[in-house]
$ cat upload-v7.cif   # mmCIF, C-alpha atoms and all ligand atoms
data_start
loop_
_atom_site.label_atom_id
_atom_site.label_comp_id
_atom_site.auth_asym_id
_atom_site.auth_seq_id
_atom_site.Cartn_x
_atom_site.Cartn_y
_atom_site.Cartn_z
CA ASN Q 1 7.47 -14.54 -32.96
CA GLN Q 2 8.77 -16.74 -30.14
CA LYS Q 3 12.30 -15.73 -31.08
CA ARG Q 4 11.38 -12.09 -31.00
CA LEU Q 5 9.73 -12.50 -27.61
CA THR Q 6 12.83 -14.16 -26.16
CA ALA Q 7 15.05 -11.44 -27.60
CA CYS Q 8 12.83 -8.68 -26.19
CA ARG Q 9 12.74 -10.31 -22.80
CA SER Q 10 16.48 -10.58 -22.40
CA ASP Q 11 16.84 -7.06 -23.67
CA ILE Q 12 14.46 -5.54 -21.15
CA SER Q 13 17.24 -4.77 -18.72
CA ARG Q 14 18.48 -2.00 -20.97
CA HIS Q 15 15.70 0.12 -19.45
CA ASN Q 16 16.99 -0.40 -15.92
CA ALA Q 17 18.77 2.89 -15.56
CA GLN Q 18 15.65 4.77 -16.58
CA PHE Q 19 13.43 2.94 -14.12
CA LEU Q 20 15.92 3.48 -11.32
CA ALA Q 21 16.13 7.19 -12.15
CA LEU Q 22 12.34 7.40 -12.05
CA PHE Q 23 12.31 5.66 -8.66
CA GLU Q 24 14.90 8.08 -7.30
CA SER Q 25 12.87 11.05 -8.51
CA LEU Q 26 9.77 9.84 -6.66
CA ILE Q 27 11.24 9.19 -3.21
CA PRO Q 28 10.82 12.02 -0.71
CA ALA Q 29 13.84 14.08 0.28
CA ASN Q 30 15.08 13.93 3.86
CA GLU Q 31 13.80 17.46 4.60
CA GLU Q 32 10.28 16.18 3.99
CA LYS Q 33 10.68 13.45 6.57
CA VAL Q 34 11.95 16.08 9.01
CA LYS Q 35 8.90 18.27 8.36
CA GLN Q 36 6.57 15.32 8.88
CA LYS Q 37 8.19 14.63 12.26
CA GLN Q 38 7.87 18.31 13.12
CA LEU Q 39 4.13 18.26 12.40
CA LEU Q 40 3.68 15.04 14.37
CA THR Q 41 5.46 16.61 17.35
CA LEU Q 42 3.14 19.62 17.21
CA LEU Q 43 0.09 17.37 17.06
CA GLU Q 44 1.38 15.29 19.98
CA LYS Q 45 1.74 18.41 22.06
CA LEU Q 46 -1.79 19.64 21.29
CA VAL Q 47 -3.48 16.28 21.70
CA GLY Q 48 -1.42 15.41 24.81
CA LYS Q 49 -2.72 18.48 26.63
CA GLN Q 50 -6.31 17.35 26.23
CA TRP Q 51 -5.84 13.57 26.43
CA PRO Q 52 -2.59 12.77 28.28
CA GLU Q 53 -3.16 9.02 27.99
CA SER Q 54 -3.49 9.04 24.21
CA ARG Q 55 -0.82 8.25 21.62
CA LEU Q 56 -0.31 9.28 18.02
CA TYR Q 57 1.01 6.95 15.33
CA LEU Q 58 1.94 7.61 11.74
CA TYR Q 59 0.56 5.01 9.35
CA GLY Q 60 -0.01 4.58 5.63
CA SER Q 61 2.51 5.59 3.03
CA CYS Q 62 4.29 8.18 5.19
CA ALA Q 63 5.32 5.34 7.50
CA ASN Q 64 5.36 2.19 5.36
CA SER Q 65 8.28 3.48 3.21
CA PHE Q 66 6.18 3.53 0.03
CA GLY Q 67 5.25 7.23 0.20
CA PHE Q 68 5.92 9.59 -2.68
CA SER Q 69 7.42 12.98 -2.32
CA LYS Q 70 4.80 15.59 -1.30
CA SER Q 71 2.16 13.15 -0.14
CA ASP Q 72 -0.23 13.73 2.73
CA ILE Q 73 0.36 12.03 6.04
CA ASP Q 74 -1.98 9.67 7.85
CA VAL Q 75 -2.09 9.83 11.64
CA CYS Q 76 -3.90 7.53 14.06
CA LEU Q 77 -4.97 8.77 17.47
CA ALA Q 78 -5.03 5.78 19.81
CA MET Q 79 -6.90 6.09 23.08
CA ASP Q 80 -9.33 4.38 25.37
CA LEU Q 81 -12.69 5.75 24.29
CA GLN Q 82 -14.65 4.22 27.17
CA ASP Q 83 -18.11 5.64 26.55
CA VAL Q 84 -17.09 8.68 24.54
CA ASP Q 85 -18.69 8.78 21.11
CA LYS Q 86 -16.16 8.82 18.24
CA SER Q 87 -17.88 11.64 16.37
CA GLU Q 88 -17.91 13.81 19.46
CA LEU Q 89 -14.25 13.11 20.00
CA LEU Q 90 -13.41 14.08 16.41
CA LEU Q 91 -15.36 17.32 16.76
CA LYS Q 92 -13.51 18.13 19.97
CA LEU Q 93 -10.21 17.30 18.28
CA ALA Q 94 -11.07 19.60 15.38
CA ASP Q 95 -11.79 22.38 17.88
CA ILE Q 96 -8.44 22.00 19.58
CA LEU Q 97 -6.52 21.96 16.31
CA GLN Q 98 -8.42 24.90 14.86
CA SER Q 99 -7.45 27.12 17.76
CA ASP Q 100 -3.78 26.50 17.06
CA ASN Q 101 -3.34 28.05 13.64
CA LEU Q 102 -3.78 24.86 11.71
CA GLN Q 103 -5.74 25.46 8.52
CA ASN Q 104 -8.69 23.87 6.72
CA VAL Q 105 -9.54 21.86 9.81
CA GLN Q 106 -12.55 19.68 9.06
CA ALA Q 107 -14.14 16.81 10.95
CA LEU Q 108 -15.58 14.20 8.55
CA THR Q 109 -17.60 12.23 11.06
CA ARG Q 110 -19.72 10.35 8.56
CA ALA Q 111 -16.95 8.99 6.31
CA ARG Q 112 -16.35 5.22 6.15
CA VAL Q 113 -13.25 5.89 8.24
CA PRO Q 114 -14.18 9.07 10.18
CA ILE Q 115 -11.31 11.57 10.27
CA VAL Q 116 -10.22 15.11 10.97
CA LYS Q 117 -8.43 16.75 8.03
CA LEU Q 118 -6.07 19.66 8.32
CA MET Q 119 -3.24 21.56 6.68
CA ASP Q 120 -0.24 22.87 8.55
CA PRO Q 121 0.81 26.24 7.07
CA VAL Q 122 4.31 26.00 8.59
CA THR Q 123 5.35 22.77 6.88
CA GLY Q 124 2.79 22.85 4.07
CA ILE Q 125 1.78 19.28 4.89
CA SER Q 126 -1.82 18.05 4.85
CA CYS Q 127 -2.86 15.40 7.28
CA ASP Q 128 -5.76 13.05 8.07
CA ILE Q 129 -6.25 11.96 11.67
CA CYS Q 130 -8.36 8.90 12.45
CA VAL Q 131 -9.16 7.35 15.82
CA ASN Q 132 -8.17 3.86 16.94
CA ASN Q 133 -7.50 2.44 13.48
CA VAL Q 134 -4.86 0.28 15.12
CA LEU Q 135 -4.98 -2.45 12.49
CA ALA Q 136 -3.75 0.05 9.91
CA VAL Q 137 -0.81 0.84 12.20
CA GLU Q 138 -0.01 -2.89 12.31
CA ASN Q 139 -0.25 -3.45 8.56
CA THR Q 140 1.90 -0.36 8.04
CA LYS Q 141 4.66 -1.98 10.12
CA LEU Q 142 4.35 -5.25 8.19
CA LEU Q 143 4.76 -3.44 4.85
CA ARG Q 144 7.71 -1.42 6.13
CA ASP Q 145 9.38 -4.59 7.40
CA TYR Q 146 8.99 -6.27 3.99
CA ALA Q 147 10.54 -3.22 2.35
CA GLU Q 148 13.69 -3.66 4.47
CA ILE Q 149 14.38 -7.11 3.05
CA ASP Q 150 15.04 -6.34 -0.59
CA VAL Q 151 15.27 -2.91 -2.18
CA ARG Q 152 13.53 -4.22 -5.30
CA LEU Q 153 10.21 -4.24 -3.44
CA ARG Q 154 10.38 -0.52 -2.81
CA GLN Q 155 11.46 0.12 -6.41
CA LEU Q 156 8.69 -2.02 -7.84
CA VAL Q 157 6.00 -0.47 -5.63
CA PHE Q 158 7.00 3.08 -6.53
CA ILE Q 159 6.86 2.28 -10.22
CA VAL Q 160 3.56 0.41 -9.94
CA LYS Q 161 1.96 3.18 -7.83
CA HIS Q 162 3.20 5.82 -10.26
CA TRP Q 163 1.74 3.80 -13.15
CA ALA Q 164 -1.57 3.31 -11.31
CA LYS Q 165 -1.89 7.01 -10.50
CA SER Q 166 -0.96 8.04 -14.07
CA ARG Q 167 -3.45 5.60 -15.58
CA GLY Q 168 -6.29 6.39 -13.18
CA VAL Q 169 -6.48 2.91 -11.66
CA ASN Q 170 -5.71 3.91 -8.04
CA GLN Q 171 -9.19 5.18 -7.13
CA THR Q 172 -11.24 2.94 -4.89
CA TYR Q 173 -14.34 5.12 -5.28
CA GLN Q 174 -14.21 4.29 -9.00
CA GLY Q 175 -13.80 0.59 -8.45
CA THR Q 176 -10.05 0.38 -8.90
CA LEU Q 177 -7.48 -0.53 -6.27
CA SER Q 178 -5.97 1.25 -3.26
CA SER Q 179 -2.25 1.82 -2.89
CA TYR Q 180 -2.35 -0.67 -0.04
CA ALA Q 181 -3.74 -3.33 -2.41
CA TYR Q 182 -0.99 -2.64 -4.97
CA VAL Q 183 1.69 -3.05 -2.31
CA LEU Q 184 0.24 -6.44 -1.33
CA MET Q 185 0.19 -7.44 -5.02
CA CYS Q 186 3.89 -6.55 -5.29
CA ILE Q 187 4.83 -8.45 -2.12
CA HIS Q 188 2.90 -11.51 -3.28
CA PHE Q 189 4.57 -11.32 -6.68
CA LEU Q 190 8.08 -11.18 -5.18
CA GLN Q 191 7.24 -14.10 -2.85
CA GLN Q 192 6.36 -16.10 -5.97
CA ARG Q 193 9.56 -15.49 -7.96
CA ARG Q 194 11.92 -18.46 -8.27
CA PRO Q 195 14.26 -18.14 -6.49
CA ALA Q 196 12.00 -16.10 -4.19
CA ILE Q 197 12.90 -12.45 -3.64
CA LEU Q 198 10.79 -12.10 -0.48
CA PRO Q 199 10.02 -14.64 2.26
CA CYS Q 200 6.66 -15.10 3.96
CA LEU Q 201 7.16 -13.34 7.30
CA GLN Q 202 3.90 -14.66 8.75
CA GLY Q 203 5.04 -18.21 8.05
CA MET Q 204 8.21 -17.89 10.12
CA GLU Q 205 9.12 -17.88 13.81
CA VAL Q 206 7.09 -15.27 15.70
CA THR Q 207 9.22 -12.41 17.02
CA TYR Q 208 6.52 -9.76 17.01
CA PHE Q 209 3.07 -10.10 18.47
CA GLU Q 210 0.10 -7.75 18.93
CA THR Q 211 -3.60 -8.35 19.16
CA VAL Q 212 -6.08 -5.84 17.82
CA GLY Q 213 -9.56 -6.71 19.02
CA ASN Q 214 -9.82 -10.40 18.18
CA ILE Q 215 -7.24 -10.25 15.40
CA GLU Q 216 -3.73 -11.57 15.99
CA CYS Q 217 -0.91 -9.76 14.26
CA SER Q 218 2.16 -11.92 14.60
CA TYR Q 219 5.17 -12.53 12.39
CA PHE Q 220 8.96 -12.56 12.14
CA ASP Q 221 10.12 -8.97 12.28
CA ARG Q 222 13.91 -9.32 12.70
CA VAL Q 223 14.24 -8.40 9.07
CA GLU Q 224 17.83 -7.19 9.42
CA LYS Q 225 18.64 -10.93 9.47
CA LEU Q 226 17.07 -11.36 6.03
CA ARG Q 227 19.01 -8.78 4.03
CA ASN Q 228 20.50 -11.46 1.77
CA PHE Q 229 17.28 -13.35 1.30
CA GLY Q 230 16.75 -12.43 -2.35
CA SER Q 231 20.37 -12.43 -3.45
CA ARG Q 232 20.12 -15.74 -5.31
CA ASN Q 233 17.67 -14.07 -7.65
CA GLY Q 234 19.44 -11.59 -9.91
CA GLU Q 235 16.42 -10.19 -11.73
CA SER Q 236 16.66 -6.50 -12.52
CA ILE Q 237 13.95 -3.97 -11.78
CA ALA Q 238 13.00 -3.65 -15.46
CA GLN Q 239 12.55 -7.41 -15.71
CA LEU Q 240 10.44 -7.41 -12.58
CA VAL Q 241 8.22 -4.57 -13.77
CA TRP Q 242 7.59 -6.49 -16.96
CA ALA Q 243 7.00 -9.77 -15.13
CA PHE Q 244 4.65 -8.07 -12.65
CA PHE Q 245 2.39 -6.83 -15.41
CA GLN Q 246 2.70 -10.11 -17.28
CA TYR Q 247 1.60 -11.93 -14.11
CA TRP Q 248 -1.49 -9.77 -13.61
CA ALA Q 249 -2.30 -9.71 -17.33
CA TYR Q 250 -1.90 -13.40 -18.20
CA CYS Q 251 -0.83 -15.62 -15.30
CA HIS Q 252 -3.12 -14.91 -12.37
CA ASP Q 253 -6.21 -17.15 -12.24
CA TYR Q 254 -8.92 -14.55 -11.62
CA ALA Q 255 -11.69 -17.13 -11.62
CA ASN Q 256 -10.29 -19.34 -8.87
CA ASP Q 257 -7.44 -17.78 -6.92
CA VAL Q 258 -6.96 -15.45 -4.00
CA ILE Q 259 -3.52 -13.94 -3.46
CA SER Q 260 -2.35 -14.26 0.13
CA VAL Q 261 0.75 -12.56 1.50
CA ARG Q 262 -0.05 -14.20 4.83
CA THR Q 263 0.60 -17.69 3.46
CA GLY Q 264 3.13 -16.66 0.80
CA SER Q 265 1.00 -18.29 -1.84
CA THR Q 266 -2.44 -18.37 -3.43
CA LEU Q 267 -5.57 -19.83 -1.85
CA SER Q 268 -8.69 -20.99 -3.61
CA LYS Q 269 -11.71 -18.72 -3.65
CA ARG Q 270 -13.75 -21.75 -2.72
CA ALA Q 271 -11.77 -22.31 0.49
CA LYS Q 272 -12.49 -18.72 1.50
CA ASP Q 273 -16.08 -18.89 0.34
CA TRP Q 274 -15.45 -15.95 -1.95
CA THR Q 275 -17.17 -17.51 -4.93
CA ARG Q 276 -20.44 -15.63 -4.88
CA ARG Q 277 -21.39 -12.03 -4.77
CA VAL Q 278 -22.42 -11.05 -1.24
CA GLY Q 279 -23.86 -7.56 -1.05
CA ASN Q 280 -21.44 -5.40 -2.97
CA ASP Q 281 -18.51 -7.79 -2.65
CA ARG Q 282 -18.09 -9.49 -6.00
CA HIS Q 283 -14.60 -10.92 -5.49
CA LEU Q 284 -13.55 -10.39 -9.10
CA ILE Q 285 -9.92 -9.95 -8.06
CA CYS Q 286 -9.12 -11.36 -4.66
CA ILE Q 287 -6.46 -9.93 -2.39
CA GLU Q 288 -6.53 -11.24 1.17
CA ASP Q 289 -5.65 -8.75 3.91
CA PRO Q 290 -2.65 -10.20 5.80
CA PHE Q 291 -4.27 -9.70 9.23
CA GLU Q 292 -7.99 -9.21 8.69
CA VAL Q 293 -8.27 -12.37 6.63
CA SER Q 294 -11.99 -12.04 5.92
CA HIS Q 295 -11.25 -8.75 4.18
CA ASP Q 296 -10.79 -8.81 0.40
CA LEU Q 297 -8.99 -5.68 -0.78
CA GLY Q 298 -10.40 -6.36 -4.22
CA ARG Q 299 -13.98 -5.98 -3.06
CA VAL Q 300 -14.22 -2.46 -4.46
CA VAL Q 301 -13.76 -3.85 -7.98
CA ASP Q 302 -16.93 -4.24 -10.06
CA LYS Q 303 -17.68 -5.84 -13.39
CA PHE Q 304 -16.78 -2.70 -15.29
CA SER Q 305 -13.61 -1.77 -13.41
CA ILE Q 306 -12.23 -5.32 -13.57
CA ARG Q 307 -12.11 -4.94 -17.35
CA VAL Q 308 -10.41 -1.58 -17.07
CA LEU Q 309 -7.82 -3.05 -14.70
CA ARG Q 310 -7.09 -6.12 -16.78
CA GLU Q 311 -6.78 -4.09 -19.96
CA GLU Q 312 -4.35 -1.79 -18.19
CA PHE Q 313 -2.26 -4.76 -17.04
CA GLU Q 314 -2.20 -6.07 -20.61
CA ARG Q 315 -1.32 -2.68 -22.04
CA ALA Q 316 1.55 -2.33 -19.56
CA ALA Q 317 2.89 -5.83 -20.29
CA GLU Q 318 2.87 -5.14 -24.05
CA ILE Q 319 4.62 -1.81 -23.61
CA MET Q 320 7.34 -3.40 -21.50
CA LEU Q 321 8.01 -5.89 -24.29
CA TYR Q 322 7.65 -3.92 -27.46
CA ASP Q 323 7.77 -0.19 -26.82
CA PRO Q 324 11.16 1.44 -27.48
CA ASN Q 325 10.59 3.82 -24.59
CA PRO Q 326 8.51 2.05 -21.92
CA CYS Q 327 9.57 4.40 -19.16
CA VAL Q 328 7.59 7.14 -20.92
CA THR Q 329 4.70 5.29 -22.60
CA LEU Q 330 3.79 3.29 -19.51
CA PHE Q 331 2.91 6.46 -17.62
CA GLU Q 332 1.08 8.37 -20.33
CA PRO Q 333 -2.06 9.97 -18.87
CA TYR Q 334 -5.20 8.05 -19.74
P1 LIG Q 401 -0.96 6.79 -0.87
O1 LIG Q 401 0.48 7.10 -1.09
O2 LIG Q 401 -1.66 7.73 0.06
O3 LIG Q 401 -1.67 6.55 -2.16
P2 LIG Q 401 -1.21 4.88 1.32
O4 LIG Q 401 -0.31 3.68 1.53
O5 LIG Q 401 -1.11 5.96 2.34
O6 LIG Q 401 -0.95 5.36 -0.16
P3 LIG Q 401 -4.03 4.94 1.67
O7 LIG Q 401 -3.92 6.42 1.90
O8 LIG Q 401 -5.03 4.41 0.70
O9 LIG Q 401 -2.65 4.33 1.24
O10 LIG Q 401 -4.30 4.20 3.04
C1 LIG Q 401 -3.63 4.53 4.23
C2 LIG Q 401 -3.32 3.31 5.06
O11 LIG Q 401 -4.50 2.73 5.55
C3 LIG Q 401 -2.63 2.20 4.30
C4 LIG Q 401 -3.01 0.99 5.08
O12 LIG Q 401 -2.18 0.88 6.23
C5 LIG Q 401 -4.40 1.32 5.52
N1 LIG Q 401 -5.43 0.82 4.62
C6 LIG Q 401 -5.89 1.42 3.51
N2 LIG Q 401 -6.87 0.72 2.94
C7 LIG Q 401 -7.06 -0.35 3.72
C8 LIG Q 401 -7.97 -1.43 3.71
N3 LIG Q 401 -8.90 -1.56 2.76
N4 LIG Q 401 -7.88 -2.34 4.70
C9 LIG Q 401 -6.99 -2.23 5.69
N5 LIG Q 401 -6.11 -1.21 5.78
C10 LIG Q 401 -6.15 -0.29 4.81
MG MG Q 402 -2.08 7.96 2.34
#

$ encode --input "upload-v7.cif" --output "structure tokens"
Amino acid sequence: NQKRLTACRSDISRHNAQFLALFESLIPANEEKVKQKQLLTLLEKLVGKQWPESRLYLYGSCANSFGFSKSDIDVCLAMDLQDVDKSELLLKLADILQSDNLQNVQALTRARVPIVKLMDPVTGISCDICVNNVLAVENTKLLRDYAEIDVRLRQLVFIVKHWAKSRGVNQTYQGTLSSYAYVLMCIHFLQQRRPAILPCLQGMEVTYFETVGNIECSYFDRVEKLRNFGSRNGESIAQLVWAFFQYWAYCHDYANDVISVRTGSTLSKRAKDWTRRVGNDRHLICIEDPFEVSHDLGRVVDKFSIRVLREEFERAAEIMLYDPNPCVTLFEPY
């Protein structure tokens, strides 16, 4: 059995071409990026008329370089609210956008993150606009900077997100993980490879600094200097996909460990005081937010969905080893 395992492992790279082709098929074409810019420009014009001091930022997958073709865009309206109520502002915003031919404009003022939703009939793009979610703009930049260092991060994330969406484990309202959480899991994983494929940007000299409320966002962002960082590690994408699932199926210590991109390592749950259930936070899989360190991205996971997740990791790891056609079986609808 051991012999077979070793043989399978070294043979995994034969699936490389297929995984790379899948990755290529998922990345958005340039025209899509152009259309996104076009919509942002329109929104800037409309919003600028009403609130000249405000600014619009793209965040989330349309700006962190992990966005699929045809995905919605996330926009953050940043402005000094003074004593204006956020809900009122969103309703006003919806009014302005409605009168300019944008479709399905809806203000969701009572959502966890209140937003205005809309669809632009010219570009066909749907968009969510939130107000002053500046931390999301900062974590978007961090993710995009990591993606610049080694192309294998972007490849791995696309494959993992595609797997998670196909298998129904990318739905926070059902207790599984957000795309943002999966990206952090991939970064952590590549920081842990030996030799490492990614550095720990927050552990290096500070070249970028912003504060958001009382949270400091600082790290090394001259990533063009790190383009060769992972070159001593020659692992192929197929090997990494297998090792990623193997890690989350069999190697991660769910009982004791917190993964932390911020420190480039794992921390103990005890040190973070994430050992007990507090309210709805059960800490069954612990993923520290790189900036908002008291925030566990795994807090949506409950005692049922943790089993679903772990079984999916195990299924994926087995398929990578033994299935003749992993690039198909891995993504079979659940
Ligand atoms: P999709 O391609 O849309 O699945 P995404 O990266 O856009 O992936 P989301 O739409 O779930 O992810 O979230 C949009 C951004 O909001 C991503 C991240 O910058 C931020 N974000 C999402 N969830 C959290 C969270 N729990 N804590 C902090 N920031 C978050
Ligand atoms: Mg999104």

$ closest_residue --input "upload-v7.cif" --among "Q:Ala249, Q:Ala21, Q:Ala29, Q:Ile73" --to "ligand MG 402 (chain Q)" --atoms "all atoms listed in the file"
Q:Ile73

$ residues_near_ligand --input "upload-v7.cif" --ligand "ligand MG 402 (chain Q)" --cutoff "8 Å" --atoms "only C-alpha atoms and all ligand atoms" --output "list in words"
Gly60, Ser61, Cys62, Gly67, Ser71, Asp72, Ile73 and Asp74 of chain Q

$ residues_near_ligand --input "upload-v7.cif" --ligand "ligand LIG 401 (chain Q)" --cutoff "10 Å" --atoms "only C-alpha atoms and all ligand atoms" --output "short mmCIF file (atom, residue, chain, number, x, y, z; two decimals) with C-alpha atoms, keeping the file's coordinate frame"
data_model
loop_
_atom_site.label_atom_id
_atom_site.label_comp_id
_atom_site.auth_asym_id
_atom_site.auth_seq_id
_atom_site.Cartn_x
_atom_site.Cartn_y
_atom_site.Cartn_z
CA LEU Q 58 1.94 7.61 11.74
CA TYR Q 59 0.56 5.01 9.35
CA GLY Q 60 -0.01 4.58 5.63
CA SER Q 61 2.51 5.59 3.03
CA CYS Q 62 4.29 8.18 5.19
CA ALA Q 63 5.32 5.34 7.50
CA ASN Q 64 5.36 2.19 5.36
CA SER Q 65 8.28 3.48 3.21
CA PHE Q 66 6.18 3.53 0.03
CA GLY Q 67 5.25 7.23 0.20
CA PHE Q 68 5.92 9.59 -2.68
CA SER Q 69 7.42 12.98 -2.32
CA LYS Q 70 4.80 15.59 -1.30
CA SER Q 71 2.16 13.15 -0.14
CA ASP Q 72 -0.23 13.73 2.73
CA ILE Q 73 0.36 12.03 6.04
CA ASP Q 74 -1.98 9.67 7.85
CA VAL Q 75 -2.09 9.83 11.64
CA CYS Q 76 -3.90 7.53 14.06
CA VAL Q 113 -13.25 5.89 8.24
CA ASP Q 128 -5.76 13.05 8.07
CA ASN Q 133 -7.50 2.44 13.48
CA VAL Q 134 -4.86 0.28 15.12
CA LEU Q 135 -4.98 -2.45 12.49
CA ALA Q 136 -3.75 0.05 9.91
CA VAL Q 137 -0.81 0.84 12.20
CA GLU Q 138 -0.01 -2.89 12.31
CA ASN Q 139 -0.25 -3.45 8.56
CA THR Q 140 1.90 -0.36 8.04
CA LYS Q 141 4.66 -1.98 10.12
CA LEU Q 142 4.35 -5.25 8.19
CA LEU Q 143 4.76 -3.44 4.85
CA PHE Q 158 7.00 3.08 -6.53
CA LYS Q 161 1.96 3.18 -7.83
CA HIS Q 162 3.20 5.82 -10.26
CA ALA Q 164 -1.57 3.31 -11.31
CA LYS Q 165 -1.89 7.01 -10.50
CA ASN Q 170 -5.71 3.91 -8.04
CA GLN Q 171 -9.19 5.18 -7.13
CA THR Q 172 -11.24 2.94 -4.89
CA LEU Q 177 -7.48 -0.53 -6.27
CA SER Q 178 -5.97 1.25 -3.26
CA SER Q 179 -2.25 1.82 -2.89
CA TYR Q 180 -2.35 -0.67 -0.04
CA ALA Q 181 -3.74 -3.33 -2.41
CA TYR Q 182 -0.99 -2.64 -4.97
CA VAL Q 183 1.69 -3.05 -2.31
CA GLU Q 288 -6.53 -11.24 1.17
CA ASP Q 289 -5.65 -8.75 3.91
CA PRO Q 290 -2.65 -10.20 5.80
CA PHE Q 291 -4.27 -9.70 9.23
CA GLU Q 292 -7.99 -9.21 8.69
CA HIS Q 295 -11.25 -8.75 4.18
CA ASP Q 296 -10.79 -8.81 0.40
CA LEU Q 297 -8.99 -5.68 -0.78
CA GLY Q 298 -10.40 -6.36 -4.22
CA ARG Q 299 -13.98 -5.98 -3.06
CA VAL Q 300 -14.22 -2.46 -4.46
#

$ atom_distance --input "upload-v7.cif" --atom1 "CA of Ile259 (chain Q)" --atom2 "CA of Phe189 (chain Q)"
9.1 Å

$ residues_around --input "upload-v7.cif" --residues "Ser231 (chain Q)" --least-positions-apart "5" --cutoff "9 Å" --atoms "all atoms listed in the file" --output "PyMOL selection string"
chain Q and resi 150+195+197

$ atom_distance --input "upload-v7.cif" --atom1 "CA of Ile149 (chain Q)" --atom2 "CA of Gly234 (chain Q)"
14.6 Å

$ closest_residue --input "upload-v7.cif" --among "Q:Val293, Q:Leu81, Q:Leu26, Q:Leu43" --to "Cys127 (chain Q)" --atoms "all atoms listed in the file"
Q:Leu43

$ atom_distance --input "upload-v7.cif" --atom1 "CA of Pro121 (chain Q)" --atom2 "CA of Gln50 (chain Q)"
22.3 Å

$ residues_near_point --input "upload-v7.cif" --point "(11.4, -12.8, -5.0)" --cutoff "7 Å" --atoms "all atoms listed in the file" --output "PyMOL selection string"
chain Q and resi 190-198+230+233
